[in-house]
file model.tsv (TSV, C-alpha atoms)
chain	number	residue	atom	x	y	z
I	2	MET	CA	-0.86	7.83	-8.23
I	3	CYS	CA	-2.24	4.30	-8.12
I	4	HIS	CA	-3.70	1.66	-10.40
I	5	ILE	CA	-6.76	-0.47	-9.85
I	6	VAL	CA	-7.17	-3.90	-11.39
I	7	PRO	CA	-10.81	-5.07	-11.40
I	8	ASN	CA	-12.26	-8.48	-12.09
I	9	HIS	CA	-14.80	-8.85	-14.93
I	10	ASP	CA	-17.76	-7.34	-13.02
I	11	TRP	CA	-15.88	-4.85	-10.78
I	12	THR	CA	-16.78	-6.64	-7.55
I	13	LEU	CA	-13.16	-7.53	-6.67
I	14	ILE	CA	-10.57	-4.80	-7.18
I	15	GLU	CA	-6.84	-4.90	-6.51
I	16	ILE	CA	-5.14	-1.61	-5.67
I	17	THR	CA	-1.56	-1.57	-6.92
I	18	ASN	CA	1.36	0.77	-7.66
I	19	VAL	CA	0.42	3.30	-4.99
I	20	MET	CA	2.92	6.14	-5.05
I	21	VAL	CA	3.32	9.57	-3.52
I	22	PHE	CA	6.26	10.90	-5.47
I	23	HIS	CA	7.50	13.91	-3.55
I	24	GLU	CA	9.09	13.12	-0.20
I	25	ALA	CA	7.63	16.31	1.31
I	26	HIS	CA	4.11	15.08	0.52
I	27	ARG	CA	4.54	11.76	2.30
I	28	ARG	CA	2.95	11.27	5.72
I	29	GLN	CA	0.62	14.20	4.98
I	30	GLY	CA	-2.53	12.17	4.25
I	31	GLN	CA	-2.12	12.14	0.46
I	32	GLY	CA	-2.21	8.34	0.19
I	33	ARG	CA	-5.12	8.01	2.61
I	34	SER	CA	-7.09	10.62	0.66
I	35	MET	CA	-6.37	8.91	-2.66
I	36	ILE	CA	-7.40	5.46	-1.43
I	37	SER	CA	-10.53	6.92	0.16
I	38	ARG	CA	-11.54	8.57	-3.13
I	39	VAL	CA	-10.86	5.43	-5.18
I	40	THR	CA	-12.86	3.16	-2.90
I	41	SER	CA	-15.77	5.63	-2.74
I	42	PHE	CA	-16.29	5.23	-6.50
I	43	PHE	CA	-16.98	1.49	-6.06
I	44	PRO	CA	-18.89	1.15	-2.77
I	45	ASN	CA	-19.91	-2.49	-3.33
I	46	ALA	CA	-16.49	-3.80	-4.36
I	47	TRP	CA	-14.09	-5.89	-2.26
I	48	PHE	CA	-10.74	-4.09	-2.29
I	49	TRP	CA	-7.50	-5.91	-1.67
I	50	VAL	CA	-3.80	-5.14	-1.92
I	51	TYR	CA	-0.67	-7.28	-2.27
I	52	THR	CA	2.03	-5.46	-0.37
I	53	TYR	CA	5.50	-5.88	1.01
I	54	VAL	CA	6.45	-5.52	4.65
I	55	HIS	CA	7.76	-1.94	4.33
I	56	SER	CA	4.33	-0.56	3.35
I	57	GLN	CA	2.26	-2.85	5.54
I	58	PRO	CA	1.71	-0.22	8.29
I	59	PHE	CA	0.00	2.08	5.77
I	60	TRP	CA	-2.19	-0.71	4.42
I	61	MET	CA	-3.13	-1.92	7.88
I	62	CYS	CA	-4.39	1.62	8.59
I	63	MET	CA	-6.37	1.54	5.33
I	64	HIS	CA	-7.82	-1.80	6.42
I	65	ALA	CA	-8.69	-0.48	9.89
I	66	ASP	CA	-10.39	2.54	8.28
I	67	GLY	CA	-12.47	0.21	6.10
I	68	HIS	CA	-10.99	1.29	2.77
I	69	VAL	CA	-9.54	-2.13	1.91
I	70	GLN	CA	-10.93	-5.46	2.98
I	71	GLU	CA	-7.80	-7.60	2.55
I	72	VAL	CA	-4.06	-7.00	2.87
I	73	VAL	CA	-1.88	-9.80	1.49
I	74	THR	CA	1.81	-9.79	2.43
I	75	PRO	CA	4.31	-12.31	1.05
I	76	GLY	CA	6.48	-14.25	3.46
I	77	TRP	CA	9.78	-12.93	2.13
I	78	PRO	CA	10.92	-9.34	2.60
I	79	CYS	CA	10.46	-6.90	-0.23
I	80	PRO	CA	12.90	-6.78	-3.16
I	81	TRP	CA	14.45	-3.53	-1.93
I	82	PHE	CA	17.75	-4.93	-0.68
I	83	ASP	CA	18.26	-1.90	1.56
I	84	CYS	CA	14.82	-1.64	3.16
I	85	SER	CA	15.26	-0.87	6.85
I	86	ALA	CA	11.77	-2.15	7.75
I	87	CYS	CA	12.18	-5.55	6.08
I	88	LEU	CA	15.88	-5.97	6.82
I	89	PRO	CA	16.61	-3.86	9.92
I	90	HIS	CA	19.98	-5.46	10.66
I	91	ARG	CA	21.40	-5.14	7.16
I	92	PRO	CA	24.29	-2.66	6.85
I	93	HIS	CA	23.42	0.54	4.99
I	94	ALA	CA	19.69	-0.21	5.14
I	95	GLY	CA	17.30	2.65	4.88
I	96	TRP	CA	17.91	4.79	1.84
I	97	GLY	CA	15.25	3.09	-0.30
I	98	CYS	CA	12.59	2.90	2.36
I	99	ARG	CA	11.40	5.50	4.84
I	100	TRP	CA	9.57	3.56	7.59
call {"tool": "encode", "arguments": {"input": "model.tsv", "output": "structure tokens"}}
result
Amino acid sequence: MCHIVPNHDWTLIEITNVMVFHEAHRRQGQGRSMISRVTSFFPNAWFWVYTYVHSQPFWMCMHADGHVQEVVTPGWPCPWFDCSACLPHRPHAGWGCRW
């Protein structure tokens, strides 16, 4: 599941709230397929995403594949206090994030 947020003329579209719910379906190409389908519907749009560090590897692949034109990452780690990608040295990190 994902949401797209277009500007007034659909030339600039943010992709947000990208989720693959079932853990068994992750890392199986579901997200890549979904983003590919979404971007194919709007071939002339500039797609961008605002993401946190833990999902940046996925979005950098989407950028390299040409599905999104811009990946914006904030300077501070994500709000998941236990994310092992953003905070690798934090005790008990890892249950909320799977990178």
call {"tool": "atom_distance", "arguments": {"input": "model.tsv", "atom1": "atom CA of I:Met20", "atom2": "atom CA of I:Asn45"}}
result
24.5 Å
call {"tool": "atom_distance", "arguments": {"input": "model.tsv", "atom1": "atom CA of I:His68", "atom2": "atom CA of I:Met2"}}
result
16.3 Å
call {"tool": "closest_residue", "arguments": {"input": "model.tsv", "among": "I:His23, I:Ser37, I:Thr12, I:His4", "to": "I:Gly67", "atoms": "all atoms listed in the file"}}
result
I:Ser37
call {"tool": "atom_distance", "arguments": {"input": "model.tsv", "atom1": "atom CA of I:Val19", "atom2": "atom CA of I:Cys3"}}
result
4.2 Å
call {"tool": "residues_around", "arguments": {"input": "model.tsv", "residues": "I:Trp49", "least_positions_apart": "5", "cutoff": "10 Å", "atoms": "only C-alpha atoms", "output": "PyMOL selection string"}}
result
chain I and resi 5-6+13-17+60+64+68-73
